[in-house]
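> So here's upload_26.cif, just mmCIF, C-alpha atoms:
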```cif
data_entry
#
loop_
_atom_site.label_atom_id
_atom_site.label_comp_id
_atom_site.auth_asym_id
_atom_site.auth_seq_id
_atom_site.Cartn_x
_atom_site.Cartn_y
_atom_site.Cartn_z
CA MET B 1 -103.28 47.61 -36.25
CA SER B 2 -104.46 47.34 -39.86
CA ASN B 3 -103.79 44.54 -42.31
CA ALA B 4 -102.93 44.80 -46.02
CA ALA B 5 -106.54 45.11 -47.11
CA ALA B 6 -107.27 47.75 -44.53
CA LEU B 7 -104.47 49.88 -45.91
CA GLN B 8 -106.47 50.27 -49.10
CA SER B 9 -109.98 50.49 -47.70
CA ASP B 10 -109.76 52.15 -44.30
CA PRO B 11 -110.70 55.85 -44.60
CA ALA B 12 -108.44 56.69 -41.63
CA PRO B 13 -105.15 58.18 -42.89
CA ILE B 14 -102.37 55.61 -42.92
CA VAL B 15 -99.03 57.41 -42.70
CA ALA B 16 -96.72 54.43 -42.13
CA CYS B 17 -96.57 50.68 -42.15
CA THR B 18 -94.39 47.88 -40.92
CA VAL B 19 -93.04 45.34 -43.39
CA SER B 20 -91.92 41.96 -42.11
CA ARG B 21 -92.14 38.22 -42.53
CA ASP B 22 -94.25 38.03 -39.36
CA VAL B 23 -94.83 41.20 -37.37
CA SER B 24 -95.91 39.18 -34.32
CA ALA B 25 -92.24 38.27 -33.87
CA PHE B 26 -91.57 41.96 -33.20
CA ASP B 27 -93.97 42.70 -30.37
CA LEU B 28 -91.95 45.69 -29.12
CA LEU B 29 -92.22 47.22 -32.58
CA ILE B 30 -95.99 46.84 -32.50
CA GLU B 31 -96.17 48.59 -29.13
CA ASP B 32 -93.93 51.46 -30.25
CA MET B 33 -95.80 51.95 -33.53
CA GLU B 34 -99.10 52.15 -31.64
CA THR B 35 -97.56 54.62 -29.20
CA GLU B 36 -96.21 56.81 -31.99
CA LEU B 37 -99.02 56.59 -34.54
CA GLY B 38 -102.12 55.18 -32.86
CA ASP B 39 -104.24 53.57 -35.58
CA SER B 40 -102.57 55.45 -38.43
CA TRP B 41 -100.35 52.58 -39.49
CA GLY B 42 -100.61 49.16 -41.08
CA ASP B 43 -98.63 45.99 -41.61
CA LEU B 44 -97.59 44.19 -44.79
CA GLY B 45 -95.61 41.13 -45.76
CA PHE B 46 -92.71 41.54 -48.16
CA GLU B 47 -94.60 40.47 -51.29
CA ASP B 48 -97.68 42.54 -50.40
CA ALA B 49 -95.47 45.55 -49.71
CA ILE B 50 -93.96 45.50 -53.20
CA VAL B 51 -97.45 45.38 -54.73
CA PHE B 52 -98.84 48.09 -52.46
CA LEU B 53 -95.88 50.44 -52.98
CA GLY B 54 -96.61 50.37 -56.70
CA GLN B 55 -100.13 51.74 -56.14
CA PRO B 56 -101.23 55.41 -55.81
CA ASP B 57 -102.49 54.78 -52.26
CA ALA B 58 -98.88 54.41 -51.14
CA ASP B 59 -98.20 58.08 -51.88
CA ALA B 60 -99.62 59.02 -48.46
CA LEU B 61 -97.00 57.00 -46.58
CA GLN B 62 -94.35 58.98 -44.71
CA PHE B 63 -92.20 55.95 -43.99
CA ILE B 64 -92.10 52.19 -43.74
CA ALA B 65 -90.41 50.24 -40.94
CA ILE B 66 -88.83 47.05 -42.31
CA ALA B 67 -88.24 44.46 -39.58
CA VAL B 68 -85.91 41.54 -40.27
CA ASP B 69 -84.14 38.90 -38.22
CA GLY B 70 -81.72 36.04 -38.82
CA GLN B 71 -84.38 33.95 -40.58
CA ASP B 72 -84.64 36.59 -43.32
CA GLU B 73 -80.97 36.47 -44.36
CA GLN B 74 -81.74 34.06 -47.19
CA SER B 75 -84.22 36.49 -48.74
CA MET B 76 -82.36 39.79 -48.49
CA ALA B 77 -82.82 40.37 -52.22
CA ARG B 78 -86.58 40.52 -51.67
CA VAL B 79 -86.12 42.92 -48.76
CA GLY B 80 -83.89 45.03 -50.99
CA ASP B 81 -86.68 45.15 -53.58
CA VAL B 82 -89.01 46.56 -50.92
CA ILE B 83 -86.50 49.27 -50.05
CA ALA B 84 -86.00 50.12 -53.73
CA ALA B 85 -89.78 50.34 -54.28
CA ALA B 86 -90.14 52.67 -51.30
CA LYS B 87 -87.27 54.90 -52.39
CA ALA B 88 -88.75 55.13 -55.89
CA LYS B 89 -91.86 56.61 -54.26
CA GLY B 90 -89.87 58.99 -52.07
CA ILE B 91 -90.91 57.07 -48.94
CA ARG B 92 -88.40 56.96 -46.09
CA VAL B 93 -87.22 53.57 -44.79
CA ILE B 94 -86.36 52.65 -41.20
CA LEU B 95 -84.56 49.32 -40.95
CA ILE B 96 -85.08 47.29 -37.77
CA ALA B 97 -82.82 44.26 -37.46
CA GLU B 98 -82.24 41.49 -34.94
CA GLU B 99 -79.30 39.10 -35.20
CA VAL B 100 -78.65 39.95 -38.84
CA GLY B 101 -75.08 39.44 -40.04
CA PRO B 102 -72.98 42.47 -40.92
CA ILE B 103 -72.76 41.62 -44.63
CA ALA B 104 -76.53 41.30 -44.99
CA LEU B 105 -77.08 44.44 -42.93
CA HIS B 106 -74.61 46.39 -45.05
CA GLN B 107 -76.38 45.24 -48.23
CA LEU B 108 -79.71 46.56 -46.96
CA LEU B 109 -78.23 49.88 -45.95
CA LYS B 110 -76.61 50.20 -49.37
CA HIS B 111 -80.03 49.70 -50.94
CA GLY B 112 -80.99 53.04 -49.39
CA ALA B 113 -82.43 52.54 -45.91
CA ASP B 114 -82.55 55.98 -44.24
CA ASP B 115 -82.16 54.92 -40.62
CA PHE B 116 -81.33 51.86 -38.58
CA VAL B 117 -82.58 50.69 -35.19
CA PRO B 118 -81.47 47.44 -33.52
CA TYR B 119 -84.02 45.02 -32.10
CA PRO B 120 -85.01 44.61 -29.30
CA LEU B 121 -85.78 48.30 -29.56
CA PRO B 122 -83.97 50.49 -27.03
CA GLU B 123 -86.15 52.95 -25.15
CA ASN B 124 -87.31 55.81 -27.40
CA ALA B 125 -85.19 54.49 -30.29
CA LEU B 126 -88.09 54.28 -32.74
CA HIS B 127 -89.36 57.71 -31.70
CA GLU B 128 -85.93 59.21 -32.32
CA ALA B 129 -85.58 57.48 -35.69
CA ILE B 130 -88.98 58.77 -36.82
CA ASP B 131 -88.07 62.24 -35.61
CA ARG B 132 -84.79 62.14 -37.53
CA ILE B 133 -86.32 61.15 -40.84
CA ARG B 134 -89.08 63.74 -40.50
CA LYS B 135 -86.58 66.50 -39.82
CA ALA B 136 -84.18 65.45 -42.57
CA PRO B 137 -86.15 64.71 -45.75
CA VAL B 138 -82.95 64.66 -47.81
CA VAL B 139 -79.77 62.96 -46.64
CA PRO B 140 -76.59 64.08 -48.47
CA GLU B 141 -74.50 61.34 -50.03
CA ALA B 142 -71.58 60.59 -47.72
CA HIS B 143 -69.15 60.16 -50.59
CA GLU B 144 -69.90 63.33 -52.51
CA PRO B 145 -67.11 65.90 -52.40
CA SER B 146 -68.25 69.04 -50.65
CA PRO B 147 -67.59 72.35 -52.38
CA ALA B 148 -68.57 74.13 -49.16
CA VAL B 149 -65.55 72.90 -47.22
CA ARG B 150 -62.56 74.69 -48.63
CA ALA B 151 -59.11 74.26 -47.14
CA LYS B 152 -56.92 77.32 -47.51
CA GLY B 153 -53.58 76.16 -46.18
CA ASP B 154 -53.47 78.84 -43.49
CA ARG B 155 -53.82 76.67 -40.39
CA ASP B 156 -51.61 74.91 -37.88
CA GLY B 157 -53.62 71.85 -37.02
CA MET B 158 -53.32 69.49 -34.07
CA ILE B 159 -52.12 66.03 -35.12
CA LEU B 160 -53.70 63.25 -33.07
CA PRO B 161 -52.68 59.69 -34.00
CA VAL B 162 -54.59 56.69 -32.61
CA HIS B 163 -52.69 53.43 -32.18
CA GLY B 164 -54.25 50.15 -31.12
CA LEU B 165 -51.91 48.37 -28.74
CA ALA B 166 -53.50 45.01 -29.51
CA GLY B 167 -55.91 43.64 -32.09
CA GLY B 168 -59.59 44.41 -31.66
CA VAL B 169 -59.22 47.02 -28.90
CA GLY B 170 -61.43 49.53 -30.75
CA ALA B 171 -58.80 51.98 -31.98
CA THR B 172 -60.49 52.63 -35.34
CA THR B 173 -63.89 53.06 -33.70
CA PHE B 174 -62.33 55.60 -31.36
CA ALA B 175 -60.52 57.43 -34.19
CA VAL B 176 -63.61 57.66 -36.40
CA ASN B 177 -65.87 58.90 -33.64
CA LEU B 178 -63.33 61.32 -32.20
CA ALA B 179 -62.91 62.87 -35.65
CA TRP B 180 -66.68 63.20 -36.06
CA GLU B 181 -67.23 64.66 -32.60
CA LEU B 182 -64.54 67.25 -33.32
CA ALA B 183 -66.16 68.08 -36.68
CA VAL B 184 -69.58 68.72 -35.12
CA SER B 185 -68.36 70.31 -31.88
CA ASN B 186 -69.34 73.84 -32.92
CA LYS B 187 -72.30 74.33 -35.26
CA LYS B 188 -71.67 78.04 -35.83
CA ASN B 189 -67.93 77.85 -36.38
CA PRO B 190 -67.01 74.18 -36.84
CA PRO B 191 -63.33 73.27 -36.88
CA LYS B 192 -61.94 71.75 -40.05
CA VAL B 193 -61.19 68.08 -39.43
CA CYS B 194 -59.59 65.36 -41.50
CA LEU B 195 -59.23 61.66 -40.73
CA LEU B 196 -56.29 59.80 -42.27
CA ASP B 197 -56.32 56.00 -42.45
CA LEU B 198 -52.64 55.05 -42.61
CA ASP B 199 -53.25 51.34 -42.15
CA PHE B 200 -52.55 50.57 -45.81
CA GLN B 201 -53.30 46.88 -45.45
CA PHE B 202 -56.31 46.43 -43.17
CA GLY B 203 -57.62 49.96 -42.65
CA SER B 204 -61.37 49.99 -42.05
CA VAL B 205 -62.21 53.69 -41.76
CA SER B 206 -63.91 53.48 -45.16
CA THR B 207 -66.13 50.66 -43.87
CA TYR B 208 -67.03 52.49 -40.66
CA LEU B 209 -68.08 55.57 -42.66
CA ASP B 210 -69.46 53.74 -45.71
CA LEU B 211 -67.04 55.44 -48.07
CA PRO B 212 -65.54 53.97 -51.26
CA ARG B 213 -61.81 53.34 -51.56
CA ARG B 214 -60.22 55.32 -54.37
CA GLU B 215 -57.24 54.81 -56.67
CA ALA B 216 -56.29 58.44 -56.05
CA VAL B 217 -55.01 57.43 -52.60
CA TYR B 218 -52.41 55.08 -54.08
CA GLU B 219 -51.40 57.67 -56.67
CA MET B 220 -50.84 60.24 -53.95
CA LEU B 221 -48.86 57.85 -51.74
CA SER B 222 -46.67 56.62 -54.60
CA ASP B 223 -45.31 60.08 -55.43
CA THR B 224 -45.51 62.47 -52.49
CA ALA B 225 -42.69 64.58 -53.96
CA LYS B 226 -45.31 66.10 -56.26
CA LEU B 227 -47.85 66.53 -53.46
CA ASP B 228 -49.69 69.84 -53.55
CA ARG B 229 -52.97 71.15 -52.21
CA ASP B 230 -55.03 69.97 -55.21
CA ILE B 231 -53.62 66.43 -55.20
CA PHE B 232 -54.05 66.17 -51.45
CA MET B 233 -57.64 67.40 -51.39
CA GLN B 234 -58.67 65.31 -54.40
CA SER B 235 -57.37 62.15 -52.76
CA MET B 236 -59.82 62.61 -49.89
CA LEU B 237 -63.58 62.25 -49.62
CA SER B 238 -66.05 64.42 -47.75
CA PHE B 239 -68.26 62.77 -45.16
CA ASN B 240 -71.62 64.49 -44.61
CA ASP B 241 -70.08 67.83 -45.59
CA ARG B 242 -68.39 68.01 -42.17
CA MET B 243 -65.01 66.32 -42.42
CA HIS B 244 -62.53 65.02 -44.97
CA VAL B 245 -61.37 61.42 -44.98
CA LEU B 246 -58.35 59.79 -46.56
CA THR B 247 -59.31 56.13 -46.79
CA ALA B 248 -56.89 53.23 -46.98
CA PRO B 249 -55.97 52.33 -50.58
CA ALA B 250 -58.22 50.07 -52.61
CA ASP B 251 -55.57 47.32 -52.69
CA MET B 252 -53.50 45.91 -49.85
CA LEU B 253 -50.13 47.67 -49.90
CA PRO B 254 -46.91 47.09 -47.96
CA LEU B 255 -46.56 49.45 -45.03
CA ASP B 256 -43.16 50.55 -46.32
CA ILE B 257 -44.63 51.94 -49.53
CA VAL B 258 -43.95 55.28 -47.85
CA GLN B 259 -40.98 56.51 -45.87
CA SER B 260 -40.68 59.14 -43.16
CA ASP B 261 -40.19 61.92 -45.71
CA ASP B 262 -43.44 60.92 -47.44
CA ILE B 263 -45.37 60.89 -44.18
CA ASN B 264 -43.94 64.25 -43.16
CA ARG B 265 -45.09 65.78 -46.44
CA ILE B 266 -48.58 64.39 -45.97
CA LEU B 267 -48.81 65.54 -42.35
CA ASP B 268 -47.43 68.99 -43.16
CA MET B 269 -50.06 69.38 -45.84
CA ALA B 270 -52.84 68.12 -43.56
CA ARG B 271 -51.82 70.31 -40.66
CA SER B 272 -51.74 73.43 -42.83
CA HIS B 273 -55.28 72.85 -44.09
CA PHE B 274 -57.11 71.47 -41.05
CA ASP B 275 -57.54 72.32 -37.38
CA PHE B 276 -57.48 68.66 -36.33
CA VAL B 277 -55.80 65.75 -38.08
CA ILE B 278 -56.85 62.35 -36.68
CA ILE B 279 -54.69 59.44 -37.83
CA ASP B 280 -55.72 55.80 -37.61
CA MET B 281 -52.35 54.05 -37.31
CA PRO B 282 -51.51 50.43 -38.15
CA LYS B 283 -50.89 48.24 -35.12
CA THR B 284 -47.45 47.44 -36.51
CA VAL B 285 -44.66 49.85 -35.57
CA VAL B 286 -42.90 50.78 -38.82
CA GLN B 287 -40.03 53.01 -39.86
CA TRP B 288 -42.29 56.04 -40.34
CA THR B 289 -44.09 55.66 -37.01
CA GLU B 290 -41.37 57.90 -35.56
CA ALA B 291 -42.29 60.67 -38.02
CA VAL B 292 -45.90 60.56 -36.88
CA LEU B 293 -44.90 60.53 -33.22
CA GLN B 294 -42.62 63.53 -33.67
CA GLN B 295 -45.37 65.57 -35.33
CA ALA B 296 -48.11 64.51 -32.91
CA LYS B 297 -49.49 66.82 -30.27
CA VAL B 298 -50.84 63.82 -28.40
CA TYR B 299 -50.43 60.16 -29.39
CA PHE B 300 -53.34 58.01 -28.21
CA GLY B 301 -52.62 54.39 -27.32
CA VAL B 302 -55.78 52.28 -27.03
CA MET B 303 -55.69 49.18 -24.86
CA GLU B 304 -57.92 46.77 -22.97
CA LEU B 305 -57.75 45.29 -19.51
CA ASP B 306 -55.96 42.10 -20.54
CA MET B 307 -52.50 40.57 -20.56
CA ARG B 308 -51.82 41.03 -24.28
CA SER B 309 -52.42 44.79 -24.05
CA ALA B 310 -50.20 45.00 -20.98
CA GLN B 311 -47.35 43.08 -22.60
CA ASN B 312 -47.55 45.01 -25.87
CA THR B 313 -47.63 48.34 -24.04
CA LEU B 314 -44.56 47.38 -22.02
CA ARG B 315 -42.65 46.40 -25.16
CA LEU B 316 -43.62 49.61 -26.91
CA ILE B 317 -42.50 51.78 -24.00
CA ARG B 318 -39.16 49.96 -23.89
CA ALA B 319 -38.67 50.46 -27.64
CA LEU B 320 -39.47 54.18 -27.44
CA LYS B 321 -37.10 54.71 -24.52
CA ALA B 322 -34.34 52.74 -26.22
CA GLU B 323 -34.57 55.00 -29.28
CA ASP B 324 -34.85 58.13 -27.14
CA LEU B 325 -38.24 58.98 -28.67
CA PRO B 326 -40.82 61.25 -27.00
CA PHE B 327 -42.84 58.51 -25.26
CA GLU B 328 -44.31 61.18 -22.95
CA LYS B 329 -46.62 62.18 -25.80
CA PHE B 330 -48.56 58.96 -25.29
CA ARG B 331 -51.98 59.20 -23.67
CA TYR B 332 -53.34 55.79 -22.74
CA ILE B 333 -56.97 54.91 -23.31
CA LEU B 334 -58.59 51.94 -21.59
CA ASN B 335 -61.42 50.74 -23.78
CA ARG B 336 -64.24 48.59 -22.40
CA ALA B 337 -63.22 49.87 -18.99
CA PRO B 338 -64.86 48.55 -15.80
CA GLY B 339 -68.08 50.28 -14.79
CA PHE B 340 -68.46 52.56 -11.80
CA THR B 341 -69.72 49.76 -9.56
CA ASP B 342 -67.17 47.17 -10.72
CA LEU B 343 -64.71 47.63 -7.87
CA THR B 344 -62.79 44.48 -8.74
CA GLY B 345 -62.32 45.63 -12.31
CA LYS B 346 -61.31 49.13 -11.25
CA GLY B 347 -58.73 47.60 -8.93
CA ARG B 348 -57.30 45.56 -11.80
CA ALA B 349 -57.09 48.68 -13.96
CA LYS B 350 -55.23 50.52 -11.22
CA ARG B 351 -52.75 47.67 -10.79
CA LEU B 352 -52.25 47.52 -14.57
CA ALA B 353 -51.32 51.21 -14.68
CA GLU B 354 -48.99 50.86 -11.71
CA SER B 355 -47.22 47.81 -13.13
CA LEU B 356 -46.59 49.62 -16.44
CA ASP B 357 -45.73 52.91 -14.70
CA ILE B 358 -48.23 54.80 -16.83
CA ALA B 359 -51.31 56.91 -16.25
CA ILE B 360 -54.49 55.67 -17.91
CA GLU B 361 -56.19 59.02 -18.36
CA ILE B 362 -59.20 58.03 -20.44
CA HIS B 363 -61.62 55.25 -19.53
CA LEU B 364 -64.12 54.33 -22.24
CA PRO B 365 -67.16 52.19 -21.33
CA ASP B 366 -68.15 49.08 -23.23
CA GLY B 367 -70.68 50.16 -25.86
CA GLY B 368 -72.00 46.66 -26.50
CA LYS B 369 -73.62 45.45 -29.70
CA MET B 370 -74.73 48.91 -30.81
CA ILE B 371 -71.10 49.83 -31.50
CA THR B 372 -70.65 46.95 -33.93
CA GLN B 373 -74.00 47.77 -35.51
CA ALA B 374 -73.04 51.43 -35.95
CA ASN B 375 -69.77 50.44 -37.60
CA ASP B 376 -71.51 47.95 -39.89
CA GLN B 377 -74.01 50.54 -41.08
CA GLY B 378 -71.25 53.08 -41.72
CA LEU B 379 -72.30 55.85 -39.34
CA PRO B 380 -70.65 57.56 -36.37
CA LEU B 381 -72.20 56.84 -32.98
CA ALA B 382 -73.61 60.36 -32.82
CA GLU B 383 -75.77 59.51 -35.85
CA SER B 384 -76.85 56.01 -34.87
CA ALA B 385 -76.50 55.68 -31.08
CA GLY B 386 -76.40 59.22 -29.76
CA LYS B 387 -77.15 58.21 -26.16
CA SER B 388 -74.41 55.61 -25.98
CA PRO B 389 -72.19 56.15 -22.92
CA LEU B 390 -69.18 55.51 -25.17
CA ARG B 391 -70.23 58.28 -27.51
CA LYS B 392 -70.69 60.69 -24.61
CA GLU B 393 -67.16 60.03 -23.31
CA ILE B 394 -65.64 60.58 -26.76
CA ALA B 395 -67.67 63.80 -27.11
CA LYS B 396 -66.24 65.03 -23.79
CA LEU B 397 -62.72 64.39 -25.00
CA ALA B 398 -63.43 66.18 -28.28
CA ALA B 399 -64.74 69.23 -26.40
CA SER B 400 -61.59 69.26 -24.27
CA LEU B 401 -59.37 69.15 -27.36
CA VAL B 402 -61.29 71.99 -28.98
CA ASN B 403 -60.88 74.11 -25.84
CA THR B 404 -57.15 73.33 -25.76
CA GLN B 405 -56.78 74.37 -29.40
CA GLN B 406 -58.72 77.59 -28.83
CA ARG B 407 -56.57 78.51 -25.83
CA ALA B 408 -53.43 77.87 -27.85
CA GLU B 409 -54.67 80.10 -30.68
CA THR B 410 -55.58 82.84 -28.21
CA ALA B 411 -52.16 82.66 -26.58
CA SER B 412 -50.34 82.82 -29.92
CA SER B 413 -52.33 85.85 -31.04
#
```
Can you give me the file's structure in the form of structure tokens?


Amino acid sequence: MSNAAALQSDPAPIVACTVSRDVSAFDLLIEDMETELGDSWGDLGFEDAIVFLGQPDADALQFIAIAVDGQDEQSMARVGDVIAAAKAKGIRVILIAEEVGPIALHQLLKHGADDFVPYPLPENALHEAIDRIRKAPVVPEAHEPSPAVRAKGDRDGMILPVHGLAGGVGATTFAVNLAWELAVSNKKNPPKVCLLDLDFQFGSVSTYLDLPRREAVYEMLSDTAKLDRDIFMQSMLSFNDRMHVLTAPADMLPLDIVQSDDINRILDMARSHFDFVIIDMPKTVVQWTEAVLQQAKVYFGVMELDMRSAQNTLRLIRALKAEDLPFEKFRYILNRAPGFTDLTGKGRAKRLAESLDIAIEIHLPDGGKMITQANDQGLPLAESAGKSPLRKEIAKLAASLVNTQQRAETASS
């Protein structure tokens, strides 16, 4: 490993360097850097890095790996300066963080870090991050509208609402990642996918995809009688040129700002322009929830293995039956489900389903800290934790939905 002076005097080509308060606190990073680059890397402190990145010798760097932990949260502005200096040189930035709060982490990612890896480093995580930045020298802005994705209004999309049956059960995480897995399910002929955040008060889809909230959303919601293709498409944002997203409004709005007629207009428009319409629903059941349920192909209810989820699910089923609504459209998802070897937990899940007289068809594993980290950095799991068991299960479901849609199209033709 080279030091700051060696970066400028060593004739061996230095293609990367770590930047940290004290690199010895990140011993796994040292090992992985040596495995990936041998002696072709160096280490700098934050102040030295800013100086070095302003020199011509820095032009040879392919990337820098900035390592921070909880002790660095008071000096995030300095870390941001390092990222800005690297980006000004066209040098890629891998951010490695341990026990850094979500606000601080989000600030660093907004400064322009190209990739993120949690610490302690998962196996092969640094290798995969380096491989990603080498293969993708230019990352498209997530919030730029995409002229390549044109909706023609000639489709009959599948509407798939996602409803959290208790707070914090992971419904938005599921909705965001299901939408993304559908959007990337076929590289040659990708389906057109949109994600609608109808939680007008606390919707967090924009946070999970690092998208800005726009005033156009409120304007569209406030007068759906004038809704047409142009208004609808302009109210949405494109994420990575693969899917369209309607974020929650910029301001907190009452859930009854729209009525069933408004929701039906929005869903009719979405269904005619997209193959799949994923809806992140508010946890509250409102007057227009019935309109969404009636239009849904499948209505996903996300729950956990706890008493609050069980009680809420029971109350919801009773309400749907009392109003003679199509409760059979519900497909129940058990998030943070017991693992294969957790026989006690699996027994509890079975008893839960039996007591509610429902079938829990989808069991999602607990993704751990990497799920929160992926949400905080504004990327789907496929982009930040591709090997996550949770991501793999959601990808399987997406593939099944695509096959179902294709069979339906074949049958209708």

> Select from segment 252-327 of chain B every residue with an atom at most 8 Å from any atom of segment 354-376 of chain B, then for each give the shortest pair of atoms and their distance in Å to one decimal, using all atoms listed in the file, rows by chain and rising number, as a Markdown table.


```
| residue | atom | partner | partner_atom | distance |
| --- | --- | --- | --- | --- |
| B:Ala310 | CA | B:Leu356 | CA | 7.4 |
| B:Thr313 | CA | B:Leu356 | CA | 7.8 |
| B:Leu314 | CA | B:Leu356 | CA | 6.3 |
```

> Counting all atoms listed in the file, figure out which residue out of B:Pro191, B:Pro120, B:Gly345, B:Gly90 gets nearest to Phe26 of chain B.

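Nearest to Phe26 of chain B: B:Pro120.
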
> So how many Å separate atom CA of Val285 of chain B and atom CA of Val176 of chain B, to one decimal?

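Separating atom CA of Val285 of chain B from atom CA of Val176 of chain B is a distance of 20.5 Å.
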
> How would you write as a list in words the residues that get within 8 Å of (-51.2, 49.8, -39.0) in the file's frame, counting all atoms listed in the file?

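Here is the list of nearby residues: His163, Leu198, Asp199, Phe200, Gln201, Phe202, Gly203, Leu255, Asp280, Met281, Pro282, Lys283, Thr284 and Val285 of chain B.
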
> Print the selection's residues with C-alpha atoms to a file, as a compact mmCIF listing (two decimals), keeping the file's coordinate frame.


```
# COMPACT_ATOMS: atom_id res chain seq x y z
CA HIS B 163 -52.69 53.43 -32.18
CA LEU B 198 -52.64 55.05 -42.61
CA ASP B 199 -53.25 51.34 -42.15
CA PHE B 200 -52.55 50.57 -45.81
CA GLN B 201 -53.30 46.88 -45.45
CA PHE B 202 -56.31 46.43 -43.17
CA GLY B 203 -57.62 49.96 -42.65
CA LEU B 255 -46.56 49.45 -45.03
CA ASP B 280 -55.72 55.80 -37.61
CA MET B 281 -52.35 54.05 -37.31
CA PRO B 282 -51.51 50.43 -38.15
CA LYS B 283 -50.89 48.24 -35.12
CA THR B 284 -47.45 47.44 -36.51
CA VAL B 285 -44.66 49.85 -35.57
```

> If we count only C-alpha atoms, what is near Gln311 of chain B at a cut-off of 12 Å, once residues fewer than 5 positions away on the same chain are taken out, given as a VMD selection string?

chain B and resid 165 to 166 303 to 306 316 to 318 352 355 to 356

> Evaluate the PyMOL selection byres ((chain B and resi 251) around 10) and record the selected residues as a list in words, following the chain and residue labels used in the document.

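Selected by the PyMOL selection byres ((chain B and resi 251) around 10) in this file: Phe200, Gln201, Phe202, Arg213, Arg214, Glu215, Tyr218, Ala248, Pro249, Ala250, Met252, Leu253 and Pro254 of chain B.
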
> Evaluating the PyMOL selection byres ((chain B and resi 401) around 12) on the displayed file yields which residues, as an NGL selection string?

:B and (157-160 or 178-179 or 181-183 or 185 or 191 or 275-278 or 297-298 or 394-400 or 402-408)

> Residues within 9 Å of Pro380 of chain B, please, as a PyMOL selection string. Count all atoms listed in the file; anything in the same chain fewer than 2 positions from it doesn't count.

chain B and resi 173+176-177+180-181+208-209+374-375+378+382-386+391

> To one decimal place in Å, what is the distance between atom CA of Ala16 of chain B and atom CA of Val100 of chain B?

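Value for the atom CA of Ala16 of chain B-atom CA of Val100 of chain B distance: 23.4 Å.
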
> Around (-84.5, 50.6, -41.0) in the file's own coordinates, what residues are found within 8 Å if you use all atoms listed in the file, given back as a PyMOL selection string?

chain B and resi 65-67+93-97+113-117

> Skipping near chain neighbours, those fewer than 2 positions away, what residues fall within 7 Å of Val82 of chain B using only C-alpha atoms, listed as a PDB file with C-alpha atoms, keeping the file's coordinate frame?


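Resulting contents of around-v7.pdb:
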```pdb
ATOM      1  CA  PHE B  46     -92.710  41.540 -48.160  1.00  0.00           C
ATOM      2  CA  ALA B  49     -95.470  45.550 -49.710  1.00  0.00           C
ATOM      3  CA  ILE B  50     -93.960  45.500 -53.200  1.00  0.00           C
ATOM      4  CA  ARG B  78     -86.580  40.520 -51.670  1.00  0.00           C
ATOM      5  CA  VAL B  79     -86.120  42.920 -48.760  1.00  0.00           C
ATOM      6  CA  GLY B  80     -83.890  45.030 -50.990  1.00  0.00           C
ATOM      7  CA  ALA B  84     -86.000  50.120 -53.730  1.00  0.00           C
ATOM      8  CA  ALA B  85     -89.780  50.340 -54.280  1.00  0.00           C
ATOM      9  CA  ALA B  86     -90.140  52.670 -51.300  1.00  0.00           C
TER      10      ALA B  86
END
```

> Could you pull segment 108-121 of chain B out of the block above and give me C-alpha atoms, as a tab-separated table (two decimals), in the first residue's frame?


```tsv
chain	number	residue	atom	x	y	z
B	108	LEU	CA	-22.91	12.10	0.12
B	109	LEU	CA	-24.78	10.27	-2.61
B	110	LYS	CA	-26.31	13.55	-3.76
B	111	HIS	CA	-22.80	14.97	-4.07
B	112	GLY	CA	-22.27	12.47	-6.89
B	113	ALA	CA	-20.91	9.19	-5.53
B	114	ASP	CA	-21.22	6.61	-8.32
B	115	ASP	CA	-21.62	3.47	-6.23
B	116	PHE	CA	-22.18	2.46	-2.64
B	117	VAL	CA	-20.93	-0.53	-0.65
B	118	PRO	CA	-21.74	-1.13	3.03
B	119	TYR	CA	-18.99	-1.96	5.51
B	120	PRO	CA	-18.06	-4.58	6.62
B	121	LEU	CA	-17.69	-5.44	2.96
```
